[in-house]
Each structure stands twice: as structure tokens, then as C-alpha cells.
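Working notes for the structure below.
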Amino acid sequence: MAPPTSTTLISPAELSYLRSSLALNPPIRPDARSPTQFRPLVAEIDILPSTNGSARMIWGDGGECVVGVKVEVEPTELTADGKRKNWVEIGVEVQGQRDDDPLGVFLGMTVTESLLTPSSTLTERLAITSRFHWKMYIDILLITPPLSHPGTLLSLSTNLALRSTRLPRLTSEADEDPMFDDDWDASVPLYQASNQLPPITLLVLSVGDNIFFDPTKEELAVADCVLAVSLATNSAKDTPKVIGVRTLESGSGGIVTTAGAKDVGSGGAAVEATSMGGVKRTVVKKIIKESLSVGKEVFGSLQGVVDANH
Amino acid sequence: MTSLKRSSTDSTNRSNISSKVFLRSSKGKCTKVVRELYLRQDIPCSSQLCFPCSADAPADSNGRVRPFVLSATPAANNIFTKGHYIVPDTNIFLYCMDIIEHKSAFYDVVVLQTVLDELRNRSLPLYNRLRSLVSSQEKRFYVFHNDFRLETFVKRLEGETINDRNDRAVRRACAWYKEHLMDAVSGTKSNCPEIIMVSDDKGNLAKAKKEGIECASIRDYVRGLKNADELLDMISAAVEDAQAKASKAEMLYPEYFTMSKMQTGVKAGTLHQGAFNVSPYNFLEGSVHVPAFDKALLILGRENINRSVSGDVVVVEILPKEQWKQPSTKIVEEESLTKNDNPDVDAPEAIETEQERKALVEEVKKTLGGSAEGKPQPTARVVGIAKRNWRYYVGHVDPSSASASRGRSQQTVFLIPMDKRIPKIRIRTRQASELLGKRIVVAIDSWDRTSRYPVGHFVRSLGELETKEAETEALLLEYDVHYRPFPKAVLDCLPKEGHDWKVPQDPNHPGWIGRKDYRGLLVCSIDPPGCQDIDDALHAKLLPNGNYEVGVHIADVTHFVKPNNPMDDEATARGTTVYLVDKRIDMLPMLLGTDLCSLKPYVERYAFSTIWEMTPDAEIISVDFTKSVIKSREAFSYEHAQLRIDDESQQDELTNGMRALLKLSKKLRQKRMDAGALNLASPEVKVEAESETSDPIDVKTKKLLETNSLVEEFMLLANTSVASKIYEAFPQTAMLRRHGAPPATNFEELQTQLRVRKGLTLRVDSSKAVADSLDECVDISEPFFNTLVRILATRCMLSAEYFCSGTQAYPEFKHYGLASEIYTHFTSPIRRYADVVAHRQLAAAIAYEQLDNSLHSKAKLEAICKNINVRHRNAQFAGRASVEYYVGQALKGRVTKEEGFIMKIFSNGFVVFVPRFGIEGMIRTRELSQGGVEPETEFDAEAYVLTIGEGSEKLSVGLFDKVVVEVTDDKEEKTGKRKIKLTLVKVGGK
């Protein structure tokens, strides 16, 4: 399910044109970006004084997102297998949508998935003592209705919010009921500079042999395949590693085009090639490889935002 | 990616807004709190010199501007010779409040908001004291809200501790004040007052000097005052402790657990929390009652008691079972064991001296040797203090600890508190020679791990020991009775007409709305002789149908005391009137208590009446409550009323009414007794005083007449009727009184004692059983024995308490002693606050008036109940202590031989009760032999027999035995109290 694309109204001719130009070598994107180039982004952190951490991000297409992180002390009840259950709660609210709208739930799931992969270490950081932990609430507000798939936007904003999150400093000893320093300035950042950073998720799509980062909704409509690649890294300088890949439904992609080809009767070789659906292994390999370098760049930019604010 | 670097202070960098971020932890939660401050420039400096401030000082919602408090010509002292305003920092208020309150100095003080807030966080009682100082305006204290004023607001710098920030705020405010006042007086002829910062923090003082702020330490400042010696003594020891601490290394006491560790433990049930009590017979034995155990936990020895003072709320840890013990059977007094202690602390100390340890070891031996009778009780040790309940303590300086030769130089002396359960307190003083032989008030400041005794400071002197004024004030202080005159705000609530107030004659006057006219009824009051605050009056009338109409009329106090005004607040705080032998500390101002409310004879008064219709057999047919106007025909004393009833020639209606009341009261009493009401006894004596000087001359036991019980029965009936009514109207918030059934374990010891010594059984399964078996506890040869048992039985019971009906289930409402299902106090609103609440609730229940909101709130009522329960108990203690003191005074210089009974027995002494004077006193075995040497004793704990001496001088005494004692008065060295001293003359009757 890719909700934003379902509302895209593009004629078969436009789809066909778009697809052909993306499949060219070198490809031509409608907004003339290079395949790995992001649309301009504006970001700031620490904008909500009463939260533990917060961030705001404005996407090039006008999508705007505010993330607030709050924490609360909660007694720990370990499940039988020692898993930390329900330590993080993520809520997504889309302005103008009902709060039981599936879109919010769906988007929340995608963020949760990458955050809570075993290698993300987020929940470990929330432990206070053996009997208490921080329950974390991440509230994401999408202010403008998304024009393209908001996955990347949410993921990056959440990343920034978490990086600005600070936890009260514990003053009591190991097995006592927790007590905290009342000085906010003495609070401890959830993610130390030299430590592992919260994961991000990037959307990558493929058309033929070409891959594209930060796709627009039109590009999503003609993709062969859309992957959400989750990346984690120890620091902004290191090359990240992939911690998860998930396919997203690739909109109308080749199938519509094929159907369109029949209707219009102007099938081209490129169109025919994808009518089979699917994606080549070399393309997936390329996606992973490119993600690493693009990811490093993105982590670097996020670091820039964080540095600029401190 | 662009980072939008909008500085986070963007919205807050406007100069008049500042925000503050901190974390608030409570109940295990931790919340980030953001406070925005809007800084103003119109907060006045409040100096009468300052014209600009007075011009733009903001007005309140009524358009009034607060008057400026700081004097235009403030006082100077010998060191700071220019007139000045004083700006103390927090520590000064924390440790030197007693000086600050002193009348001779510290006028024109600027209390900074920073300091006030910090004080509130550190000590609420001190904060309240400071608040009342400020509001009294006598000493010209002004609270300057420096944190809200733009020029004096100080933002916490990065890495700055909150203390440093606050110190900086104080310095900033001082600097601003100086500057500001300079500006204000420039161009006028007035002198600019100096601003002096008083602090104890050396760092702060040094910084202030550097910044050019006039400053001084508290000692330096006080040295310049006239009565420096006295004031210097009043500085808390805590101020110097910081410096002295470094020099001493040896820790005597175990360290307390951290707060969080204690809380965790208490929550998890591994530690227990409760109020710490010290045994009156053994100062090394304390007990803590905790919810988890039926019996109180014992705490033995100094190390386990670990610096707790009686009254503190402590956290304890249970000791392993091998260390459980029985409560001691020995009298251990601090005085006898520690008299050689040195008050100066230079010499290293041990927590437990050799002697103390010996006393404890003997204890242990006994427990191990004893049979299984009486299982050992769980023992515990104190691991931390949840809340100190230190108050002022009254006592006298131990003469042996002070050396007069040292003149006016500072020395450390011991203060021996009047309350035996409080340990000696070390105080430093320059006026040792003056303080000897005086009653003085001290406060405990701290109790360090390194010090065997707590350290305190002198507060004030009450006067010579054994003068009436000093002793009375001492016991009022000891029992925390509010005895200061009523403040002006309270007196302002009284009716304007004063003593000329009268019941309005015009029946259309608002005072008459909802009131019945009972002026025609033949009402009279019966009270103790000389009673001025007459709460109640009665009448009885034969109805045509052969039944009786009986009325109890209670003073309508709530007509004058409206809820939530200053008078009501004061009465809530006082809770009760306290009766001392020669003095009464009123709950309500005199005008109300003894005149306007008092149901005096021959004048019309507002009343709250309860009217019953009763059959001649005292069966109640109906009950009615109403506000009324009555006119009492006569105010009788008990004796007078008795005489009148007994005099057959008196056949007027009033007397016949009283006869009817007496007849009905006897039936009511019988019914109550049948239901299982207890007839308990407490030793009551009366001190006969000389009418002129009110010096005590003789002691008599109180005589009870039939008329006493007449009044009592109808008051009980009224209280019960009102209780049902208000409970029906306000099931959740009725003010009631209950008396819990005592747990059977309370009686265990007495039961055993009666069985072993007298072969009697005491059944305790119900109040009826207790009442019946008490009747059977008689010794034909000894008529007083029954009373003695009743006194002892009373001590086994719980005390009655006020409560709010919503906090207990209906069966718990029961009044055990009265065998009544429900009970309240309604009949003495002049002297008890509970009655005032009951009056308001009853008035609302009969739709006379709206119930005030505060009486709808369970939480508020609970707070009221808690307070009046404490006040009530203290008032009783104070009254008893006063009687005790006066009995001592009455017997001064006399020697009499009296019969007495042994009511408690220890392995090294016994307690004798002398019915003639209603006193009890201790006789120690060592007093029985010549030369004060401890004689050979043998104590049979199971038979309650103590055998003293050997051979021909062998003497054996048992519990309940009758003895003859010589009663003399004696000044107790320990407490400085004149007390009765008993000496054994012989065992057996006279």
C-alpha cells in the first residue's frame, strides 16, 4: 500500500513518457535532479521547550513535519523471553485526517519498524535500572498532507528529534527507586556524539537499471520496485550499514503501463521489458550499494543540523 | 540539506521574557517543566524614601497600592554605623530565625524572592514563620520579588550550581537596591540608607566585597548590636558545624540510607516507616509502630536508635530473629548513666558508654533466661529519618556541665529537657552563668554522626525555675498550645457592639429568621462552680399526654464564627480550649466565650436546641433540632443544683423540671450501662487555691454528684442524636467521634497480672464483658482496688478520635467506651472546634443555612480532624501536667504518710499510685538501702514479685500490694521540676 500514489492522476501517456525518460542512460528526472540528489530540505531541532527532544523538517514539496519526544518513568515488566515490550510508542497524526485513518497507523508502523530493529539499540538506552525504564512517546505531526511518500521525511525528522532528546540524569543508586537531578542542563543526551546514531530509512526506487533516491509521487507511480532501506551507523563519518530492507508497493508501475500500452497501442521495448514485473538482482545490489554512500551523506547532513543547533 | 538555524531563544530573547527549564520529580515520575517569566519594571523597592517607586507601584484588583514598609530612617548598629536595610541570604533564615524574630534587632529587612523560595523548599515551618513575620509588619520586612523584576533577574549560567546562581541573584539585588536608592534620594535631603548583605557563605561574602557590596557574616553583624551575647547564643550550631566538621573524624553513628533507598525499601516492604517513641521508663528503649506488625517494633540502644528523637518519623530495618527481645523490665534513666559526660566534644566519645552497655547486657540475659511466657518482640534499627519532628524544647542547663568560672567566654553546656524522652542537648553559650537555674527554650539544629548528643541553640529564657509564669509557659510550649493573644485580624471578626451586643428585639430582624422563640421555657444551666463559658443549658416540661419534653440548648457559636474568616482559622488551629489549674487558654476570644455565646442567666441568648419528647421511662419518641433564642433562668453549680433538688420545700416549676431531668437521666444511664458502656476511672484531683494569689494550698479528689451525671447523660444523648442526624445528611463528610475497640493484646498483661496476683479474670471480648468483669474485680478488704483496676484498664484502651464519616465503614463508627453506635461532639462549641463543625453541619442538615464548601471536602475535614485530635490530646496532657505541678507546689515543704498501691513493677524499682493525691511515683531499689548502693534484688517477672535485700532486711513487694509511703516534695535534678517524691515506709496498710 502506498497511499499517496493512489491518488495520483496521471494519464497513460504521461506515465509512459515519464517512465521512458527515467529509464534512459543517463536518466532524466522531471525536476532535473541527479538520481542520488535530494530535494532541498530545511530542518531545525529543539523547537518544543516542554519535550525531551523535538525536530521540525520541511521537505522540498512543501511537506512539513514536527516530531516531539517525551519520556516517562515506568516500572519494567520483562516478558518471559526478556524482550522489552511497549517501551516506545509512536503516533503519527496527519493534519486534516481522522485519527483512526489507516494512513497514520501505516506510517507509524514504518517508522517503528526501522527504529526497533534489534541493532538499533534504542530500547537499551531507555533502561534506567533493572526495575525501571523510560517509556518513550514519539509523536509525529505531519502538518501538510504529503504530496509524495512521507516515509523518508518522517524517518529523518524522527532521527533528528531523537538526537536532540535528553534524559534526566539519574542520581539514585543501582537498585533503588529512581531519583533524578532537577537540573535540565545536567540531563544526558540519549545519543552521545560518539555513539551509534538512530537509524534512518530512505526510499529508493528503480526503473529499469536506474535507481533514484527521494522519489516524487510521479516517479513512484512508474517505479518497477520501491524499497525502504533502513540504515544505521556509529557516527556520521562512518559508512552506514543496512539494517533492513522492505519493499513498498510500487504504485501502478509497469502494470498500468502495460495495460496502457494495450489500450493506446504504442508499446515500446522498454515498456515491454517491465511488463513481466519484478526487478533484477543487479539492480537490488546497486540499490544497497548506492544507499550506503547516499546514507553516509544524509547522516552527514543531519549531523550538520545537530551541530548547528548546539 | 539546510539547517534552519533559528536560535532557540528566538521567541524568548525579548528582554522582558525569560524562561526557566527544570525537572520535577515526584512519586517516581519525572517531568520536564518549562516556566516562562515575564519580567516587570514596576515592582517597587518599598522604601519610604523612594518617590519614583511609589509613583508607579501597581495596584491590586481593588485599586489599592500596598503601603511601603521600609523605614526612611532605618536603624544602625555599632559596627555598621550608617542606617541600613538588611538583605539576608537563605542560610541566615534557615539557621538564625530566632534572632531574626527577636524584638531588639533586625528591622527593615528585605526578603528576596529567591531567598524565600529557597527557604520554602528547605523548611516549610521556617518559611511560615518568615511569612507571618512579613505579614505582621511590626518588624518592617518586605518581600522583594527580585526574580520578577527585569533589573534584578539573574539567569543561571552554564555550569553554575543553583546555589551559586541564587547567591549571585542576592548580590545582584543588593547592588540594584543601592543604585536604585541612590537615584531615589539624589536631589533630596534624605540620607541614602546602606544595603547590607548578611550571609554565612565565605565565598559569597568574598565575591560581594569584590563587587563593592556592603556585607557581613551573621556573627560580625550581631556583634555590633547591643545585646550581642544573647543574640550570638541564638545562632544555630549548624552554622559552625561546617567548619568544625573537618576536624573530627570518628563517626559514632551509622550513616543513614539515602532517601531513594529508604523509599524503595519501604515500598518493597523490606524497611518500615513509623513514628518513633521513647519509653518513659527507659531512655534506651524506643518503639516504632508500623502497619506491617501488630505489636510495636522495639529499638534498643543508642546505636540502633541512631539519632532519632521522640516524635520523628523514622525508617527502620527489622533485626534478625535471634536479636528479638522482650521489652525491658528495668528503669533506665539517662541522668543516672550519663551524668559524667563532658559537654565539650574535644575528647573522643563512644556511642554507648560502658555503663549503658552493662544495662543493656543485663536486659539480654534476662530475655534469654526467661521462659517462653511473653514471646520476644521483633526489634529493629533505625536506618534513616523520613521526617524530623523537632520542635522547641523546654528545659534547664545541667549545672554540672557549666563552669561559672569561665565568665562570659563561650562554653558548651548540656540542656536537660523537661520531657524525659528527649536526649540531652548540647548548646553553646556565652551566658552560662545567667542561664543556670532558668527555664529556657532551645531548638535542636542537627545531630551529626560524630556527636553523641544533638546540638542545638538557645532561643529564649522563660524565667526562674519554679516560678508560676515560667512553668506555665514552659508546659504550654511543651504541649504546643497556642497561647499568644489573639491577633488583630481575629478580633476584627467580633461583633462591633462588643459587650453591648443583644438579641435583637425586632422579630423581623435577620437574626430571627429560622429561629424559634424559646424565651418562655424554664431553662437553666448546671456547671462547675465559677464557670464562665456556659456551653449548655437544659429544660424539661411535663406534656399533657404524660410524656416529657426535654431540651438541651447549646450556645450558638456558629452564629458569630463564620467559616473561613480569620477567627475561624485561628479556632481551627487552636482546636480546643486548654484548661490549666489557674489559667484558661481560650479557643475563641473572651468576648464570645464568656459573654456573647455563653448561656448566661437572666439574659437572652442565641442557642441551638435539641428537643426530645420522652416517655417517663426515657424512651425517645421524637427529636427535633432548631436554632432558637432562650433566656436561662439560673446558672447553678453542681452542688447548688443538688441542694435545690434535694430540698423538698422547693416546689417551683424550675426545680421540678430539674427533678424530672434527674429522674430521666438515671434511666438513660441505666440503659447505657445495660448496653455495655464502661465506667472507667482516671485519677482526678482538684487543687484548692487561695483565692487572692491563686497559690495552691491543698489537694482534694473530685467529688461526683448526681447532678454531674444528669448533665453528662443529656449531653451524651444530644451528641448521639446529632451524630445520627448529620451522618444521615452528610454520609461522606459528617464530623464524628469514634472510640475503637482495643485489641485484645492490649489487655494481655493486665489479664495475666490479675490472674497471677489476685486470681481474677478479666474478660475482654466486648465492652459489655469488660464492664461486667470490671465490676467483679473487687478485693473485699480493699475497696480502692476496683478503682485501681479501672485506672489500669483505661490505660489499655485506645484513645477516642474525631474522624470524617467517609473515611471509615459504619461498623467502625462505634464508640467503645460509651457503647454507642455513632457519636459526635456537639455540646461544647465554645471550647472545642469539633463541635463548631458539627453545629455547621447540623444547621445545614435542618436547612437553616448553606453548608460551607470546606465542610463538603473530605480532605479538608480529615485535616481538621487530624489537627484537633492532636490538639485535644495535648490539651489533656497540658492540663494533667499543670495539675501535677500544682500538686507539687501544694505539698511543698510538707511531709505526709499516705497509703498507696503498686501499679507497675520492674526489676529495680516499682511505681506507686497514691489515691489521695492522684499521683504516681517511682521508687527505685537503690533508694531503699543506705548509701544508695544498689541492693541485692530478685525479680520474679512471672509472679510480679520483687524481693529486695538479704537476711533480716529482706523485703518483698508484689504488684497491687498496698504500701505506706512518705510523700515529700523534691526538686528533680533531671528535669528541674518540683515533683513528688515517694519513700517506702512499710508494706501493708497503715
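Identifiers in the C-alpha cells: chain A, B, ... in order shown; residue index from 1 per chain; ligand index from 1 in order shown.
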
(request) Find the residues of chain A in contact range of chain B, meaning any atom within 8 Å when counting only C-alpha atoms, and list them as a VMD selection string. (result) chain A and resid 40 to 44 46 to 47 49 to 52 72 to 73 168 172 to 173 176 to 185 301 to 302 304 to 305 308 to 309

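Close contacts of His180 of chain B, defined as residues with an atom at most 10 Å away when counting only C-alpha atoms, with chain neighbours fewer than 3 positions off set aside, comprise Cys45, Cys50, Pro52, Cys53, Cys174, Ala175, Trp176, Tyr177, Asp183, Ala184, Val185 and Cys192 of chain B.
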
(request) Write out as a PyMOL selection string all residues of segment 615-829 of chain B that backbone DSSP assigns to strand (DSSP E). (result) chain B and resi 620-637+685-689+696-701+735-738+801-804

Atoms kept (C-alpha atoms) for selection, written as an mmCIF file, in the first residue's frame:
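Result went into selection.cif, see below:
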data_model
loop_
_atom_site.group_PDB
_atom_site.id
_atom_site.type_symbol
_atom_site.label_atom_id
_atom_site.label_comp_id
_atom_site.auth_asym_id
_atom_site.auth_seq_id
_atom_site.Cartn_x
_atom_site.Cartn_y
_atom_site.Cartn_z
ATOM 1 C CA ILE B 620 -37.384 8.742 72.909
ATOM 2 C CA ILE B 621 -40.491 9.395 70.850
ATOM 3 C CA SER B 622 -39.242 12.199 68.651
ATOM 4 C CA VAL B 623 -36.321 14.544 68.295
ATOM 5 C CA ASP B 624 -36.179 17.971 66.775
ATOM 6 C CA PHE B 625 -33.293 20.334 66.141
ATOM 7 C CA THR B 626 -33.685 24.067 65.784
ATOM 8 C CA LYS B 627 -31.908 27.345 66.189
ATOM 9 C CA SER B 628 -33.544 29.294 68.953
ATOM 10 C CA VAL B 629 -33.463 32.172 71.388
ATOM 11 C CA ILE B 630 -33.508 31.241 75.072
ATOM 12 C CA LYS B 631 -33.370 33.009 78.363
ATOM 13 C CA SER B 632 -31.715 30.987 81.089
ATOM 14 C CA ARG B 633 -33.427 31.377 84.452
ATOM 15 C CA GLU B 634 -30.492 30.367 86.579
ATOM 16 C CA ALA B 635 -26.883 29.204 86.396
ATOM 17 C CA PHE B 636 -26.356 26.521 89.009
ATOM 18 C CA SER B 637 -23.212 24.895 90.200
ATOM 19 C CA VAL B 685 -7.890 15.641 91.781
ATOM 20 C CA LYS B 686 -8.607 19.236 92.343
ATOM 21 C CA VAL B 687 -6.176 21.792 93.547
ATOM 22 C CA GLU B 688 -7.604 24.147 96.089
ATOM 23 C CA ALA B 689 -6.134 27.524 95.561
ATOM 24 C CA PRO B 696 -2.185 26.223 95.701
ATOM 25 C CA ILE B 697 -2.963 25.266 99.288
ATOM 26 C CA ASP B 698 -4.499 21.835 99.225
ATOM 27 C CA VAL B 699 -5.333 18.909 97.010
ATOM 28 C CA LYS B 700 -8.666 17.136 97.019
ATOM 29 C CA THR B 701 -10.043 14.345 94.963
ATOM 30 C CA MET B 735 -17.711 15.131 61.705
ATOM 31 C CA LEU B 736 -17.963 12.198 64.106
ATOM 32 C CA ARG B 737 -16.077 10.775 67.050
ATOM 33 C CA ARG B 738 -15.167 7.155 67.488
ATOM 34 C CA GLU B 801 -10.669 10.266 67.993
ATOM 35 C CA TYR B 802 -12.502 12.584 65.672
ATOM 36 C CA PHE B 803 -12.912 11.397 62.120
ATOM 37 C CA CYS B 804 -14.738 12.210 58.941
#

(request) List the neighbours of Ile90 of chain A out to 7 Å using only C-alpha atoms; skip same-chain residues closer than 5 positions along the sequence, and give me the result as a PyMOL selection string. (result) chain A and resi 108+112+137-139

Store the residues picked out above in a file with C-alpha atoms, as a short mmCIF file (atom, residue, chain, number, x, y, z; two decimals), in the first residue's frame.
data_model
loop_
_atom_site.label_atom_id
_atom_site.label_comp_id
_atom_site.auth_asym_id
_atom_site.auth_seq_id
_atom_site.Cartn_x
_atom_site.Cartn_y
_atom_site.Cartn_z
CA GLY A 108 3.74 4.84 12.28
CA THR A 112 8.61 1.85 14.30
CA TYR A 137 6.41 8.56 23.29
CA ILE A 138 7.30 9.79 19.83
CA ASP A 139 4.59 12.00 18.45
#

(request) For atom CA of Arg381 of chain B and atom CA of Ser907 of chain B, quote the distance in Å rounded to one decimal. (result)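 Distance reported for this atom pair: 25.2 Å.
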
(message) Give me, as JSON, numbers by chain, the residues of segment 88-258 of chain A that a backbone DSSP run labels helix (DSSP H, G or I).
(response) {"A": [102, 103, 104, 105, 106, 107, 108, 109, 110, 111, 112, 113, 114, 115, 118, 119, 120, 122, 123, 124, 125, 126, 151, 152, 153, 154, 155, 156, 157, 158, 159, 160, 161, 162, 163, 184, 185, 186, 217, 218, 219, 220, 221, 253, 254, 255, 256, 257, 258]}

Dump of C-alpha atoms for the selected residues, as a short mmCIF file (atom, residue, chain, number, x, y, z; two decimals), in the first residue's frame:
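Saved file selection_26.cif follows:
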data_model
loop_
_atom_site.label_atom_id
_atom_site.label_comp_id
_atom_site.auth_asym_id
_atom_site.auth_seq_id
_atom_site.Cartn_x
_atom_site.Cartn_y
_atom_site.Cartn_z
CA PRO A 102 -5.13 3.93 8.32
CA LEU A 103 -2.53 6.23 6.80
CA GLY A 104 -1.30 7.36 10.20
CA VAL A 105 -1.13 3.83 11.53
CA PHE A 106 0.68 2.66 8.44
CA LEU A 107 3.24 5.44 8.58
CA GLY A 108 3.74 4.84 12.28
CA MET A 109 4.47 1.20 11.55
CA THR A 110 7.14 2.02 9.00
CA VAL A 111 8.93 4.31 11.44
CA THR A 112 8.61 1.85 14.30
CA GLU A 113 9.98 -0.95 12.21
CA SER A 114 13.27 0.66 11.50
CA LEU A 115 13.63 2.18 14.96
CA PRO A 118 17.39 -5.28 17.13
CA SER A 119 20.55 -3.49 16.05
CA SER A 120 19.17 0.00 16.66
CA LEU A 122 17.18 2.40 21.17
CA THR A 123 15.46 0.36 23.85
CA GLU A 124 18.74 -0.46 25.60
CA ARG A 125 19.23 3.24 26.06
CA LEU A 126 15.87 3.56 27.78
CA GLY A 151 8.46 7.81 4.78
CA THR A 152 11.81 9.49 4.40
CA LEU A 153 10.54 12.75 5.86
CA LEU A 154 9.22 11.01 8.96
CA SER A 155 12.31 8.93 9.37
CA LEU A 156 14.70 11.87 9.13
CA SER A 157 12.64 14.12 11.41
CA THR A 158 12.38 11.35 13.97
CA ASN A 159 16.09 10.81 13.74
CA LEU A 160 16.73 14.47 14.46
CA ALA A 161 14.23 14.54 17.31
CA LEU A 162 15.85 11.52 18.92
CA ARG A 163 19.27 13.02 18.54
CA TRP A 184 17.72 20.19 32.95
CA ASP A 185 21.17 21.26 31.85
CA ALA A 186 22.59 18.25 33.60
CA LYS A 217 4.96 10.93 -6.34
CA GLU A 218 5.05 10.87 -10.14
CA GLU A 219 8.25 8.87 -10.08
CA LEU A 220 6.72 6.46 -7.60
CA ALA A 221 3.84 5.90 -9.98
CA GLY A 253 4.44 0.93 -12.18
CA GLY A 254 4.80 -1.36 -15.11
CA ILE A 255 1.38 -2.93 -14.93
CA VAL A 256 -0.53 0.22 -15.71
CA THR A 257 1.94 0.96 -18.41
CA THR A 258 1.43 -2.45 -19.90
#

(message) Residues within 8 Å of segment 652-667 of chain B, please, as a list in words. Count only C-alpha atoms; anything in the same chain fewer than 4 positions from it doesn't count.
(response) Leu522, Val523, Cys524, His539, Ala540, Lys541, Val550, Pro616, Asp617, Ala618, Arg644, Ile645, Lys671, Glu706, Thr707, Ser709, Leu710, Glu713 and Phe714 of chain B

Please produce an output containing N, CA and C atoms for each residue in the selection, written as an mmCIF file, in the first residue's frame.
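Saved the output as part.cif:
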data_model
loop_
_atom_site.group_PDB
_atom_site.id
_atom_site.type_symbol
_atom_site.label_atom_id
_atom_site.label_comp_id
_atom_site.auth_asym_id
_atom_site.auth_seq_id
_atom_site.Cartn_x
_atom_site.Cartn_y
_atom_site.Cartn_z
ATOM 1 N N LEU B 522 -38.462 27.274 80.771
ATOM 2 C CA LEU B 522 -37.725 27.417 82.032
ATOM 3 C C LEU B 522 -36.391 26.682 81.917
ATOM 4 N N VAL B 523 -35.435 27.397 81.347
ATOM 5 C CA VAL B 523 -34.136 26.795 81.065
ATOM 6 C C VAL B 523 -33.160 27.172 82.173
ATOM 7 N N CYS B 524 -32.294 26.241 82.543
ATOM 8 C CA CYS B 524 -31.228 26.598 83.469
ATOM 9 C C CYS B 524 -29.961 25.862 83.072
ATOM 10 N N HIS B 539 -33.779 22.032 79.880
ATOM 11 C CA HIS B 539 -35.094 22.215 80.471
ATOM 12 C C HIS B 539 -35.890 20.926 80.309
ATOM 13 N N ALA B 540 -36.890 20.724 81.137
ATOM 14 C CA ALA B 540 -37.806 19.591 80.990
ATOM 15 C C ALA B 540 -39.202 20.087 81.347
ATOM 16 N N LYS B 541 -40.190 19.579 80.619
ATOM 17 C CA LYS B 541 -41.552 20.055 80.834
ATOM 18 C C LYS B 541 -42.470 18.851 80.705
ATOM 19 N N VAL B 550 -37.997 17.383 76.680
ATOM 20 C CA VAL B 550 -36.686 17.682 77.246
ATOM 21 C C VAL B 550 -35.883 18.446 76.210
ATOM 22 N N PRO B 616 -41.991 8.717 80.300
ATOM 23 C CA PRO B 616 -41.407 8.736 81.650
ATOM 24 C C PRO B 616 -40.334 7.672 81.825
ATOM 25 N N ASP B 617 -40.297 6.659 80.930
ATOM 26 C CA ASP B 617 -39.261 5.640 81.009
ATOM 27 C C ASP B 617 -38.042 5.995 80.172
ATOM 28 N N ALA B 618 -37.991 7.254 79.730
ATOM 29 C CA ALA B 618 -36.872 7.753 78.942
ATOM 30 C C ALA B 618 -36.742 7.094 77.573
ATOM 31 N N ARG B 644 -30.735 22.071 95.710
ATOM 32 C CA ARG B 644 -32.069 22.535 95.352
ATOM 33 C C ARG B 644 -32.998 21.357 95.068
ATOM 34 N N ILE B 645 -32.449 20.348 94.378
ATOM 35 C CA ILE B 645 -33.276 19.175 94.074
ATOM 36 C C ILE B 645 -33.636 18.439 95.363
ATOM 37 N N LYS B 671 -29.769 2.464 80.937
ATOM 38 C CA LYS B 671 -29.843 1.875 79.598
ATOM 39 C C LYS B 671 -28.463 1.782 78.973
ATOM 40 N N GLU B 706 -24.816 13.581 91.803
ATOM 41 C CA GLU B 706 -25.818 13.094 90.842
ATOM 42 C C GLU B 706 -26.013 14.085 89.714
ATOM 43 N N THR B 707 -25.936 15.371 90.056
ATOM 44 C CA THR B 707 -26.154 16.376 89.026
ATOM 45 C C THR B 707 -25.068 16.352 87.960
ATOM 46 N N SER B 709 -23.809 13.687 86.698
ATOM 47 C CA SER B 709 -24.204 12.677 85.730
ATOM 48 C C SER B 709 -25.490 13.082 85.020
ATOM 49 N N LEU B 710 -26.311 13.921 85.657
ATOM 50 C CA LEU B 710 -27.503 14.446 84.983
ATOM 51 C C LEU B 710 -27.086 15.170 83.703
ATOM 52 N N GLU B 713 -25.423 12.797 81.056
ATOM 53 C CA GLU B 713 -26.322 11.923 80.300
ATOM 54 C C GLU B 713 -26.990 12.663 79.154
ATOM 55 N N PHE B 714 -27.484 13.883 79.457
ATOM 56 C CA PHE B 714 -28.195 14.599 78.397
ATOM 57 C C PHE B 714 -27.247 15.099 77.320
#

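Note that atom CA of His289 of chain B and atom CA of Gly274 of chain B are 5.7 Å apart.
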
(request) Considering only C-alpha atoms, state which residue in the set A:Asp101, A:Thr247, A:Ile140, A:Ala223 is at the smallest distance from Arg56 of chain A. (result) A:Ile140

(request) Figure out the distance between atom CA of Glu211 of chain B and atom CA of Val154 of chain B, please, to one decimal in Å. (result) 15.6 Å

(message) Can you tell me which residues surround segment 785-796 of chain B at a distance of at most 10 Å, considering only C-alpha atoms, apart from same-chain residues fewer than 6 positions away, and format the answer as JSON, numbers by chain?
(response) {"B": [678, 679, 680, 681, 682, 683, 742, 743, 744, 745, 746, 747, 748, 749, 750, 751, 754, 762, 770, 771, 774, 775, 776, 777, 778, 779, 817, 901, 902, 903, 904, 913, 915, 960, 961, 962]}
